[in-house]
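Asks: Just one file: protein05.cif, with mmCIF, C-alpha atoms.
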```cif
data_entry
loop_
_atom_site.label_atom_id
_atom_site.label_comp_id
_atom_site.auth_asym_id
_atom_site.auth_seq_id
_atom_site.Cartn_x
_atom_site.Cartn_y
_atom_site.Cartn_z
CA MET A 1 108.10 102.46 77.45
CA ARG A 2 108.12 98.71 76.90
CA PHE A 3 108.21 96.20 79.75
CA ASN A 4 109.46 92.66 79.38
CA PRO A 5 106.88 89.86 79.76
CA TYR A 6 106.43 88.70 83.33
CA PRO A 7 107.93 85.24 84.12
CA PHE A 8 104.55 83.60 84.62
CA ASP A 9 103.30 84.94 81.27
CA LEU A 10 106.34 83.35 79.63
CA LEU A 11 105.63 80.12 81.50
CA ARG A 12 102.03 80.00 80.28
CA LYS A 13 103.22 80.53 76.70
CA LEU A 14 105.89 77.84 77.06
CA LEU A 15 103.32 75.28 78.17
CA GLU A 16 100.73 76.03 75.49
CA GLY A 17 99.90 72.75 73.80
CA CYS A 18 101.47 70.65 76.56
CA THR A 19 99.22 67.97 78.04
CA PRO A 20 100.00 67.18 81.67
CA PRO A 21 98.44 64.43 83.76
CA LYS A 22 95.05 65.32 85.23
CA ASP A 23 96.45 66.52 88.57
CA VAL A 24 98.95 69.41 88.43
CA LEU A 25 101.04 70.64 91.36
CA ASN A 26 102.23 74.22 90.94
CA LEU A 27 105.67 74.79 92.48
CA SER A 28 106.49 77.71 90.17
CA ILE A 29 105.11 80.52 92.32
CA GLY A 30 106.05 81.62 95.84
CA GLU A 31 102.57 81.41 97.34
CA PRO A 32 102.51 79.60 100.71
CA SER A 33 99.74 77.02 101.03
CA PHE A 34 99.63 76.99 104.85
CA GLY A 35 96.92 79.61 105.24
CA ALA A 36 96.72 82.81 107.25
CA SER A 37 96.01 82.69 110.98
CA LYS A 38 92.47 82.47 112.32
CA ALA A 39 92.96 85.69 114.29
CA SER A 40 93.85 87.70 111.17
CA ILE A 41 90.96 86.21 109.18
CA ASP A 42 88.53 86.96 112.01
CA ALA A 43 89.82 90.53 112.21
CA LEU A 44 89.30 90.95 108.47
CA ALA A 45 85.69 89.79 108.78
CA GLN A 46 85.06 91.89 111.89
CA HIS A 47 86.21 95.09 110.17
CA ALA A 48 84.77 94.40 106.70
CA SER A 49 82.45 97.41 107.01
CA GLY A 50 85.59 99.56 106.72
CA ILE A 51 85.31 99.29 102.94
CA SER A 52 82.72 102.06 103.21
CA PHE A 53 85.50 104.57 103.88
CA TYR A 54 88.53 105.87 102.05
CA PRO A 55 91.72 104.87 103.85
CA LYS A 56 93.89 107.84 104.76
CA ASN A 57 97.36 108.19 103.31
CA LYS A 58 98.80 107.68 106.80
CA ALA A 59 98.23 104.16 108.10
CA ILE A 60 96.29 103.57 111.29
CA ASP A 61 98.30 103.69 114.51
CA GLU A 62 97.66 99.99 115.27
CA LEU A 63 99.40 98.95 112.07
CA VAL A 64 102.41 101.22 112.52
CA ASP A 65 102.78 100.08 116.13
CA ALA A 66 102.50 96.42 115.11
CA GLN A 67 105.21 96.73 112.45
CA LEU A 68 107.51 98.57 114.84
CA ALA A 69 106.86 95.80 117.39
CA PHE A 70 107.73 93.16 114.79
CA ILE A 71 111.04 94.85 113.97
CA LYS A 72 111.87 95.10 117.66
CA HIS A 73 111.00 91.44 118.23
CA ARG A 74 112.74 90.09 115.13
CA PHE A 75 115.80 92.35 114.88
CA HIS A 76 116.01 93.95 118.37
CA ILE A 77 115.84 97.40 116.80
CA GLU A 78 113.62 100.18 118.11
CA LEU A 79 112.75 102.37 115.14
CA LYS A 80 111.14 105.77 115.43
CA GLU A 81 107.74 106.22 113.85
CA ASP A 82 109.13 108.47 111.10
CA GLU A 83 111.58 105.70 110.11
CA LEU A 84 108.83 103.42 108.78
CA ILE A 85 105.98 103.62 106.26
CA PRO A 86 103.44 100.79 105.89
CA SER A 87 103.01 99.77 102.25
CA PHE A 88 100.45 97.88 100.17
CA GLY A 89 102.63 94.78 100.16
CA SER A 90 106.25 94.91 99.05
CA ARG A 91 105.67 94.79 95.32
CA GLU A 92 104.12 98.25 95.03
CA VAL A 93 106.83 99.95 97.04
CA LEU A 94 109.61 98.18 95.11
CA PHE A 95 108.02 99.45 91.89
CA ASN A 96 107.15 103.02 92.78
CA PHE A 97 109.92 103.95 95.24
CA PRO A 98 112.66 103.92 92.56
CA GLN A 99 110.47 106.16 90.40
CA PHE A 100 110.14 108.62 93.28
CA PHE A 101 113.80 108.53 94.21
CA LEU A 102 115.31 108.61 90.72
CA ALA A 103 113.01 111.33 89.33
CA SER A 104 115.41 114.08 90.39
CA LYS A 105 118.52 112.32 89.05
CA THR A 106 120.15 113.09 85.72
CA ASN A 107 120.82 109.94 83.70
CA PRO A 108 120.12 107.71 86.75
CA LEU A 109 121.80 104.35 87.27
CA MET A 110 120.22 101.50 89.21
CA ALA A 111 121.90 98.20 90.13
CA PHE A 112 120.40 94.88 91.19
CA CYS A 113 121.17 91.17 91.11
CA ASN A 114 120.82 88.92 88.05
CA PRO A 115 118.69 86.75 88.28
CA PHE A 116 116.18 88.94 90.06
CA TYR A 117 112.60 89.68 91.11
CA GLN A 118 111.30 91.31 87.93
CA ILE A 119 109.72 94.26 89.72
CA TYR A 120 113.24 95.69 90.08
CA GLU A 121 113.67 95.80 86.32
CA GLY A 122 110.18 97.20 85.82
CA ALA A 123 110.94 99.98 88.28
CA ALA A 124 114.16 100.83 86.45
CA LEU A 125 112.37 100.92 83.11
CA ALA A 126 109.57 103.09 84.49
CA SER A 127 112.24 105.42 85.94
CA LYS A 128 114.08 105.56 82.60
CA ALA A 129 117.15 104.48 84.53
CA ASN A 130 120.21 102.72 83.18
CA ILE A 131 120.63 99.24 84.62
CA HIS A 132 123.73 97.54 85.98
CA LEU A 133 123.23 93.82 86.56
CA MET A 134 125.20 92.10 89.31
CA ASP A 135 125.42 88.54 87.99
CA LEU A 136 124.96 85.73 90.50
CA SER A 137 126.57 82.41 89.62
CA GLU A 138 128.44 79.46 91.07
CA LYS A 139 131.68 81.24 90.16
CA ASN A 140 131.05 84.06 92.65
CA ASN A 141 129.06 81.95 95.12
CA PHE A 142 125.92 83.87 94.08
CA THR A 143 127.28 86.96 95.83
CA PRO A 144 126.53 90.44 94.44
CA SER A 145 129.28 93.03 94.17
CA LEU A 146 130.09 96.39 92.63
CA ASP A 147 133.44 97.61 91.39
CA GLU A 148 134.62 101.05 92.44
CA LYS A 149 133.73 102.65 89.11
CA ILE A 150 130.08 101.56 89.20
CA ALA A 151 129.84 102.32 92.92
CA SER A 152 130.89 105.90 92.23
CA GLN A 153 128.20 106.29 89.53
CA VAL A 154 125.20 104.35 90.81
CA ASP A 155 122.21 106.11 92.43
CA LEU A 156 120.23 103.15 93.78
CA VAL A 157 121.28 99.59 94.58
CA ILE A 158 118.71 96.93 95.42
CA LEU A 159 119.95 93.89 97.28
CA ASN A 160 117.76 90.88 97.97
CA SER A 161 119.10 88.96 100.96
CA PRO A 162 117.93 86.26 101.54
CA ASN A 163 117.83 86.00 97.78
CA ASN A 164 115.08 84.97 95.41
CA PRO A 165 115.76 82.68 93.57
CA THR A 166 119.21 81.45 94.69
CA GLY A 167 118.70 81.42 98.48
CA LYS A 168 122.05 83.19 98.93
CA THR A 169 122.10 85.17 102.18
CA LEU A 170 124.61 87.87 102.99
CA SER A 171 126.18 87.74 106.44
CA LEU A 172 126.15 90.69 108.83
CA GLU A 173 129.79 91.35 107.93
CA GLU A 174 128.98 91.39 104.22
CA LEU A 175 126.03 93.72 104.78
CA LYS A 176 128.24 96.03 106.86
CA GLU A 177 130.60 96.34 103.89
CA TRP A 178 127.65 97.26 101.68
CA VAL A 179 126.59 99.97 104.14
CA LYS A 180 130.13 101.38 104.17
CA LEU A 181 130.16 101.40 100.37
CA ALA A 182 126.82 103.23 100.21
CA LEU A 183 128.08 105.88 102.63
CA LYS A 184 131.45 106.23 100.88
CA TYR A 185 129.95 106.77 97.44
CA ASP A 186 126.65 108.31 98.59
CA PHE A 187 124.24 105.97 96.86
CA LEU A 188 120.97 104.67 98.29
CA LEU A 189 121.05 101.03 99.37
CA LEU A 190 117.79 99.11 99.69
CA ASN A 191 117.50 95.49 100.82
CA ASP A 192 114.41 93.45 99.93
CA GLU A 193 114.05 91.35 103.11
CA CYS A 194 110.78 89.56 102.37
CA TYR A 195 112.42 86.16 103.08
CA GLY A 196 114.20 87.33 106.22
CA SER A 197 112.16 85.15 108.58
CA ILE A 198 112.54 81.90 106.64
CA TYR A 199 115.60 79.98 107.72
CA LEU A 200 116.75 76.61 108.98
CA ASP A 201 118.91 77.40 112.00
CA THR A 202 120.50 80.85 111.86
CA LYS A 203 118.46 84.03 111.52
CA PRO A 204 119.46 86.17 108.53
CA ALA A 205 120.78 89.63 109.34
CA SER A 206 118.91 92.78 108.36
CA LEU A 207 120.53 95.69 106.59
CA LEU A 208 119.22 97.81 109.47
CA GLU A 209 121.34 95.75 111.88
CA ALA A 210 124.37 96.24 109.65
CA SER A 211 123.77 99.99 109.54
CA LEU A 212 123.72 100.21 113.33
CA ALA A 213 126.77 97.96 113.57
CA VAL A 214 128.89 100.45 111.59
CA GLY A 215 127.61 103.42 113.59
CA ASN A 216 125.11 104.66 111.00
CA THR A 217 122.40 105.12 113.62
CA SER A 218 120.31 107.50 111.48
CA PHE A 219 120.19 104.88 108.68
CA LYS A 220 121.53 107.42 106.20
CA ASN A 221 121.22 106.00 102.66
CA ILE A 222 119.75 102.76 104.06
CA LEU A 223 116.27 101.30 103.51
CA VAL A 224 114.68 97.87 103.88
CA VAL A 225 111.43 96.39 102.59
CA ASN A 226 109.49 93.54 104.17
CA SER A 227 106.08 91.91 103.92
CA LEU A 228 103.62 89.59 105.65
CA SER A 229 103.24 87.38 102.57
CA LYS A 230 105.80 84.74 103.54
CA LEU A 231 106.21 85.64 107.19
CA ALA A 232 102.57 84.91 108.07
CA SER A 233 101.44 82.99 104.97
CA ALA A 234 99.16 85.92 104.14
CA PRO A 235 100.01 87.31 100.69
CA GLY A 236 96.41 88.45 100.19
CA LEU A 237 96.64 90.95 103.05
CA ARG A 238 99.05 93.02 100.92
CA SER A 239 100.80 94.32 104.01
CA GLY A 240 104.41 95.45 103.97
CA TYR A 241 106.68 98.27 105.03
CA ILE A 242 109.65 100.32 103.96
CA ALA A 243 111.94 101.43 106.79
CA GLY A 244 115.19 103.26 107.39
CA ASP A 245 116.34 106.76 106.38
CA ALA A 246 113.67 109.13 107.77
CA SER A 247 114.81 112.08 105.64
CA ILE A 248 114.02 110.12 102.46
CA LEU A 249 110.82 108.58 103.82
CA LYS A 250 109.40 112.01 104.68
CA ASP A 251 109.23 113.11 101.05
CA TYR A 252 108.32 109.62 99.89
CA SER A 253 105.26 109.70 102.17
CA THR A 254 104.04 112.84 100.39
CA TYR A 255 104.65 111.20 97.02
CA ARG A 256 102.57 108.19 98.09
CA SER A 257 99.54 110.39 98.69
CA TYR A 258 99.40 110.88 94.91
CA VAL A 259 99.80 107.27 93.72
CA GLY A 260 96.81 105.66 95.45
CA THR A 261 98.60 103.05 97.52
CA SER A 262 96.69 103.49 100.78
CA ILE A 263 95.82 100.14 102.36
CA PRO A 264 92.06 99.41 102.72
CA LEU A 265 90.99 99.71 106.38
CA PRO A 266 89.91 96.05 106.81
CA LEU A 267 93.33 94.92 105.58
CA GLN A 268 95.06 97.33 107.93
CA LYS A 269 93.10 95.99 110.91
CA ALA A 270 93.79 92.37 110.01
CA SER A 271 97.48 92.90 109.26
CA ALA A 272 97.94 94.82 112.53
CA ILE A 273 97.00 91.53 114.19
CA ALA A 274 99.16 89.42 111.86
CA TRP A 275 102.38 91.44 112.38
CA ARG A 276 102.22 90.75 116.12
CA GLU A 277 101.54 87.00 115.88
CA PHE A 278 105.11 86.00 116.65
CA SER A 279 104.18 82.43 117.61
CA TYR A 280 102.38 81.98 114.29
CA HIS A 281 105.39 83.37 112.42
CA GLU A 282 107.47 80.68 114.11
CA GLU A 283 104.93 78.00 113.23
CA ILE A 284 105.16 78.97 109.56
CA ARG A 285 108.98 79.15 109.73
CA GLN A 286 109.16 75.63 111.10
CA LYS A 287 107.04 74.33 108.23
CA PHE A 288 109.44 75.89 105.75
CA ALA A 289 112.41 74.59 107.74
CA LYS A 290 111.11 71.02 107.44
CA ASN A 291 110.82 71.53 103.70
CA LEU A 292 114.40 72.82 103.49
CA VAL A 293 115.64 69.76 105.39
CA LEU A 294 113.71 67.52 103.02
CA ALA A 295 115.09 69.29 99.95
CA LYS A 296 118.63 68.99 101.26
CA GLU A 297 118.17 65.25 101.88
CA ILE A 298 116.94 64.73 98.32
CA PHE A 299 119.02 67.17 96.26
CA GLY A 300 122.14 67.55 98.39
CA GLU A 301 123.41 71.10 98.79
CA VAL A 302 120.50 73.51 99.37
CA GLU A 303 120.76 77.00 100.87
CA PRO A 304 119.21 77.03 104.38
CA TYR A 305 117.20 80.20 103.62
CA THR A 306 114.03 81.21 101.72
CA PHE A 307 111.67 78.50 100.51
CA TYR A 308 113.20 78.10 97.05
CA VAL A 309 115.44 75.42 95.62
CA TRP A 310 117.65 76.79 92.86
CA LEU A 311 118.13 73.46 91.14
CA LYS A 312 120.83 72.99 88.53
CA ILE A 313 119.66 70.87 85.62
CA GLN A 314 122.96 70.71 83.70
CA ASP A 315 126.32 69.12 84.41
CA CYS A 316 128.24 72.15 83.13
CA ASP A 317 128.20 75.94 82.86
CA GLU A 318 127.59 76.07 79.12
CA VAL A 319 124.53 77.72 77.56
CA HIS A 320 122.52 74.83 76.11
CA ILE A 321 119.97 75.31 73.33
CA THR A 322 117.52 72.46 72.68
CA ASN A 323 115.48 71.95 69.51
CA SER A 324 112.03 71.05 70.85
CA LYS A 325 108.88 71.06 68.73
CA LYS A 326 110.74 73.12 66.11
CA VAL A 327 111.38 75.83 68.71
CA LEU A 328 114.79 76.62 70.14
CA LEU A 329 114.67 76.41 73.91
CA PHE A 330 117.14 76.78 76.73
CA ASN A 331 117.69 73.63 78.76
CA ASP A 332 115.65 75.02 81.65
CA GLU A 333 112.64 75.47 79.37
CA SER A 334 112.98 71.98 77.94
CA PHE A 335 113.29 70.56 81.45
CA THR A 336 110.19 72.45 82.60
CA GLN A 337 108.14 71.24 79.66
CA GLY A 338 109.16 67.63 80.15
CA LEU A 339 108.53 67.61 83.90
CA TYR A 340 105.11 69.17 83.37
CA GLU A 341 104.04 66.81 80.59
CA LYS A 342 105.31 63.65 82.26
CA TYR A 343 104.44 64.28 85.90
CA GLY A 344 102.23 67.37 86.07
CA ILE A 345 104.78 69.20 88.24
CA LEU A 346 105.18 72.87 87.44
CA VAL A 347 108.46 74.71 88.14
CA LEU A 348 109.86 77.97 86.80
CA PRO A 349 112.71 78.12 84.25
CA GLY A 350 115.64 80.01 85.76
CA SER A 351 116.21 82.09 82.64
CA TYR A 352 112.80 83.72 83.15
CA LEU A 353 114.24 85.39 86.25
CA GLY A 354 117.40 86.66 84.60
CA ARG A 355 118.86 88.43 81.59
CA ASN A 356 121.66 87.50 79.18
CA ALA A 357 120.89 83.76 79.63
CA GLN A 358 121.65 84.01 83.34
CA GLY A 359 119.87 81.14 85.10
CA CYS A 360 119.26 79.07 81.97
CA ASP A 361 120.91 76.06 83.64
CA TYR A 362 118.57 76.18 86.66
CA VAL A 363 114.93 75.89 87.57
CA ARG A 364 113.30 77.40 90.63
CA ILE A 365 111.22 75.16 92.86
CA ALA A 366 108.96 76.75 95.48
CA LEU A 367 108.72 74.70 98.68
CA THR A 368 105.29 76.07 99.51
CA GLN A 369 103.39 72.84 100.28
CA GLU A 370 103.23 70.70 103.39
CA VAL A 371 106.16 68.30 103.74
CA SER A 372 103.75 65.35 103.32
CA VAL A 373 102.93 66.62 99.83
CA LEU A 374 106.47 67.56 98.86
CA THR A 375 108.25 64.33 99.79
CA SER A 376 107.21 62.24 96.81
CA VAL A 377 107.17 65.24 94.48
CA LEU A 378 110.77 66.26 95.17
CA LYS A 379 111.92 62.65 94.80
CA THR A 380 110.21 62.56 91.41
CA ILE A 381 111.94 65.79 90.38
CA LYS A 382 115.29 64.35 91.49
CA VAL A 383 114.83 61.22 89.35
CA TYR A 384 113.71 63.29 86.37
CA ARG A 385 116.60 65.74 86.82
CA ASP A 386 119.16 62.93 86.84
CA GLU A 387 117.61 61.39 83.72
CA PHE A 388 117.51 64.78 82.00
CA ILE A 389 121.18 65.48 82.66
CA ALA A 390 122.15 62.01 81.42
CA GLU A 391 120.18 62.55 78.21
CA ASN A 392 121.51 66.08 77.65
CA PRO A 393 125.27 65.86 78.30
CA CYS A 394 127.60 68.74 77.56
CA ASP A 395 129.97 67.90 74.73
CA ASN A 396 132.47 70.47 75.95
CA ILE A 397 133.27 68.74 79.26
CA LYS A 398 136.90 67.62 79.33
CA GLY A 399 137.28 63.87 78.95
CA ARG A 400 134.23 63.36 76.76
#
```
If you took the structure in this file and wrote it as structure tokens, what would it be?
Replies:
Amino acid sequence: MRFNPYPFDLLRKLLEGCTPPKDVLNLSIGEPSFGASKASIDALAQHASGISFYPKNKAIDELVDAQLAFIKHRFHIELKEDELIPSFGSREVLFNFPQFFLASKTNPLMAFCNPFYQIYEGAALASKANIHLMDLSEKNNFTPSLDEKIASQVDLVILNSPNNPTGKTLSLEELKEWVKLALKYDFLLLNDECYGSIYLDTKPASLLEASLAVGNTSFKNILVVNSLSKLASAPGLRSGYIAGDASILKDYSTYRSYVGTSIPLPLQKASAIAWREFSYHEEIRQKFAKNLVLAKEIFGEVEPYTFYVWLKIQDCDEVHITNSKKVLLFNDESFTQGLYEKYGILVLPGSYLGRNAQGCDYVRIALTQEVSVLTSVLKTIKVYRDEFIAENPCDNIKGR
């Protein structure tokens, strides 16, 4: 079994030998800089002695209750206790759940967006599953879809709405169609909703809401994943959940007792506080909203969801290869190198998040700093982007 290098490993290799200015600002990773709440930090300290004990496979009641309360507050849905399992962040569940679910399938098929969060691919590889990539591009408005043939064959589909890295967010009506498709062809549909509380004006819909809207009140074939990382600016708490189809979660809970994913007790206590801090969630959302407004003012069209800018760095849809330092690079890699060396600003090449050159004409910018920090930085990126496009024109554009 061979996994592909992680995007940030590729980024480190790309920048070997590059000499940036003394001060470097890292906008390549989705790690909020706003800090966790005082209440959650105090709770972590107060319950630190809990490291003396093994956490049980079943999470403490306070955590389960807090996550159910969050879902009720955010989505106006009252889940039953057996319709939710707390997880050690979202990453672990996105990696090990497909292995659990696909283990009983013969020649399993898994579908997800391209570009994508690389854990999806890792899970498919670990599951020895075939992969169907749903390409996201300007041509399809970054909207995932399946044709009838693939829908009839696929076992597990992972959506990511709001989407990392494109910011594309599926409407309630679009999610309802996905639920209907999952029920019609009997595949499992999972939505990664870790960016579901970051928006400018309109709240993104949950797949759970779509399931109820089509009358699928038992959430058959429907699951969602969420996390505190972005919601409460607390990625280090490693607190998430998977929720939906209770019949699937029952067996998955047993599976989890074998894989060592129980959350340490101090983290459970602190995250039980953090899931209920609705006013702090709103405070964090407003910080991200200000950043989205800023990005739109500087770059023009920016999706009003997530905290990423999916910035195009070409004036065409061609695949550009650049000869830089005797190494052939995509345009996104060349752009990233130049921006880093000239200004000390670190972004992520779009092709590192995709396959088959998908994303090679974009870079991902994480709006994870205070707006006072980002203002001058984004303006610098805009100037550099315009210069880069002018210096790297596409010869295939009509009229040239």
Asks: I'd like the contact shell of stretch 278-282 of chain A - 6 Å cut-off, all atoms listed in the file, skipping same-chain residues fewer than 3 positions apart - returned as a list in words.
Replies: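 Returned residues: Leu231, Ala232 and Arg285 of chain A.
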Asks: Taking (115.2, 100.3, 105.9) in the coordinates of the supplied file, I want to know which residues reach to within 10 Å of it, counting only C-alpha atoms; could you give the answer as a CSV table (one decimal) with C-alpha atoms, keeping the file's coordinate frame?
Replies:
```csv
chain,number,residue,atom,x,y,z
A,79,LEU,CA,112.8,102.4,115.1
A,83,GLU,CA,111.6,105.7,110.1
A,84,LEU,CA,108.8,103.4,108.8
A,85,ILE,CA,106.0,103.6,106.3
A,189,LEU,CA,121.0,101.0,99.4
A,190,LEU,CA,117.8,99.1,99.7
A,191,ASN,CA,117.5,95.5,100.8
A,192,ASP,CA,114.4,93.4,99.9
A,193,GLU,CA,114.0,91.4,103.1
A,206,SER,CA,118.9,92.8,108.4
A,207,LEU,CA,120.5,95.7,106.6
A,208,LEU,CA,119.2,97.8,109.5
A,209,GLU,CA,121.3,95.8,111.9
A,211,SER,CA,123.8,100.0,109.5
A,219,PHE,CA,120.2,104.9,108.7
A,220,LYS,CA,121.5,107.4,106.2
A,221,ASN,CA,121.2,106.0,102.7
A,222,ILE,CA,119.8,102.8,104.1
A,223,LEU,CA,116.3,101.3,103.5
A,224,VAL,CA,114.7,97.9,103.9
A,225,VAL,CA,111.4,96.4,102.6
A,226,ASN,CA,109.5,93.5,104.2
A,241,TYR,CA,106.7,98.3,105.0
A,242,ILE,CA,109.6,100.3,104.0
A,243,ALA,CA,111.9,101.4,106.8
A,244,GLY,CA,115.2,103.3,107.4
A,245,ASP,CA,116.3,106.8,106.4
A,246,ALA,CA,113.7,109.1,107.8
A,249,LEU,CA,110.8,108.6,103.8
```
Asks: Using all atoms listed in the file, pick whichever of A:Asp135, A:Val93, A:Leu212, A:Ile284 has the shortest atom-to-atom distance to A:Phe112.
Replies: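 Counting all atoms listed in the file, the residue closest to A:Phe112 is A:Asp135.
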Asks: Which residues, protein or nucleic acid, reach to within 12 Å of (104.1, 78.0, 78.8) in the file's coordinates when using all atoms listed in the file, and can you give that as JSON, numbers by chain?
Replies: {"A": [6, 7, 8, 9, 10, 11, 12, 13, 14, 15, 16, 17, 18, 19, 20, 28, 329, 333, 334, 336, 337, 338, 340, 341, 346, 347, 348, 349, 352]}
Asks: Please provide the set of residues having any atom within 9 Å of A:Val214, restricted to all atoms listed in the file, with same-chain residues fewer than 2 positions apart removed, written as a list in words.
Replies: Lys176, Glu177, Val179, Lys180, Glu209, Ala210, Ser211, Leu212, Asn216 and Thr217 of chain A
Asks: Would you please work out which residue, of A:Pro108, A:Gly167, A:Gly35, A:Gly359, is nearest to A:Val154 when using only C-alpha atoms?
Replies: A:Pro108
Asks: How far is it from atom CA of A:Ser376 to atom CA of A:Leu339, in Å with one decimal?
Replies: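 Calculated distance between atom CA of A:Ser376 and atom CA of A:Leu339 is 14.0 Å.
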Asks: Using only C-alpha atoms, which of the listed residues (A:Asp332, A:Glu277, A:Glu92, A:Asp42) sits closest to A:Tyr362?
Replies: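 Smallest distance to A:Tyr362 is found for A:Asp332.
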Asks: Rounded to one decimal, what separation in Å do you get between atom CA of A:Tyr258 and atom CA of A:Ala124?
Replies: 19.8 Å
Asks: Quick one: distance from atom CA of A:Ala36 to atom CA of A:Leu159 in Å, one decimal?
Replies: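 Going from atom CA of A:Ala36 over to atom CA of A:Leu159, I get 27.6 Å.
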Asks: Please write the residues picked by the PyMOL selection byres ((chain A and resi 316) around 10) on this file as a PyMOL selection string.
Replies: chain A and resi 312-315+317-320+361+389+393-397
Asks: The PyMOL selection byres ((chain A and resi 126-128) around 7) - which residues does that actually catch in the file I just gave you? List them as a list of chain:residue names.
Replies: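 Here the PyMOL selection byres ((chain A and resi 126-128) around 7) matches A:Pro98, A:Gln99, A:Leu102, A:Ala103, A:Gly122, A:Ala123, A:Ala124, A:Leu125, A:Ala129, A:Asn130.
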Asks: Evaluate the PyMOL selection byres ((chain A and resi 61-72) around 8) against this structure - the residues, as number ranges by chain, please.
Replies: A: 59-60, 73-79, 81, 84-86, 241, 268-269, 271-273, 275-276, 278
Asks: Between A:Asp201, A:Leu265, A:Asn356, A:Tyr185, single out the one closest to A:Leu133, counting only C-alpha atoms.
Replies: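 Using only C-alpha atoms, A:Leu133 sits closest to A:Asn356.
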Asks: Go through A:Lys326, A:His47, A:Lys296, A:Arg238 and flag the residue nearest A:Ser262, using all atoms listed in the file for the distances.
Replies: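 Between A:Lys326, A:His47, A:Lys296, A:Arg238, the residue approaching A:Ser262 most closely is A:Arg238.
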Asks: Name the closest residue to A:Thr169 among the candidates A:Thr322, A:Thr306, A:Gln286, A:Ser37; distances are taken between atoms, counting all atoms listed in the file.
Replies: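 Answer, going by the shortest atom-to-atom distance: A:Thr306.
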Asks: Emit as AutoDock Vina command-line options the padded axis-aligned box for all listed atoms of stretch 163-178 of chain A, 8 Å per side, with centre and edge lengths in Å to one decimal.
Replies:
```
--center_x 122.8 --center_y 89.3 --center_z 101.2 --size_x 31.5 --size_y 31.8 --size_z 31.3
```
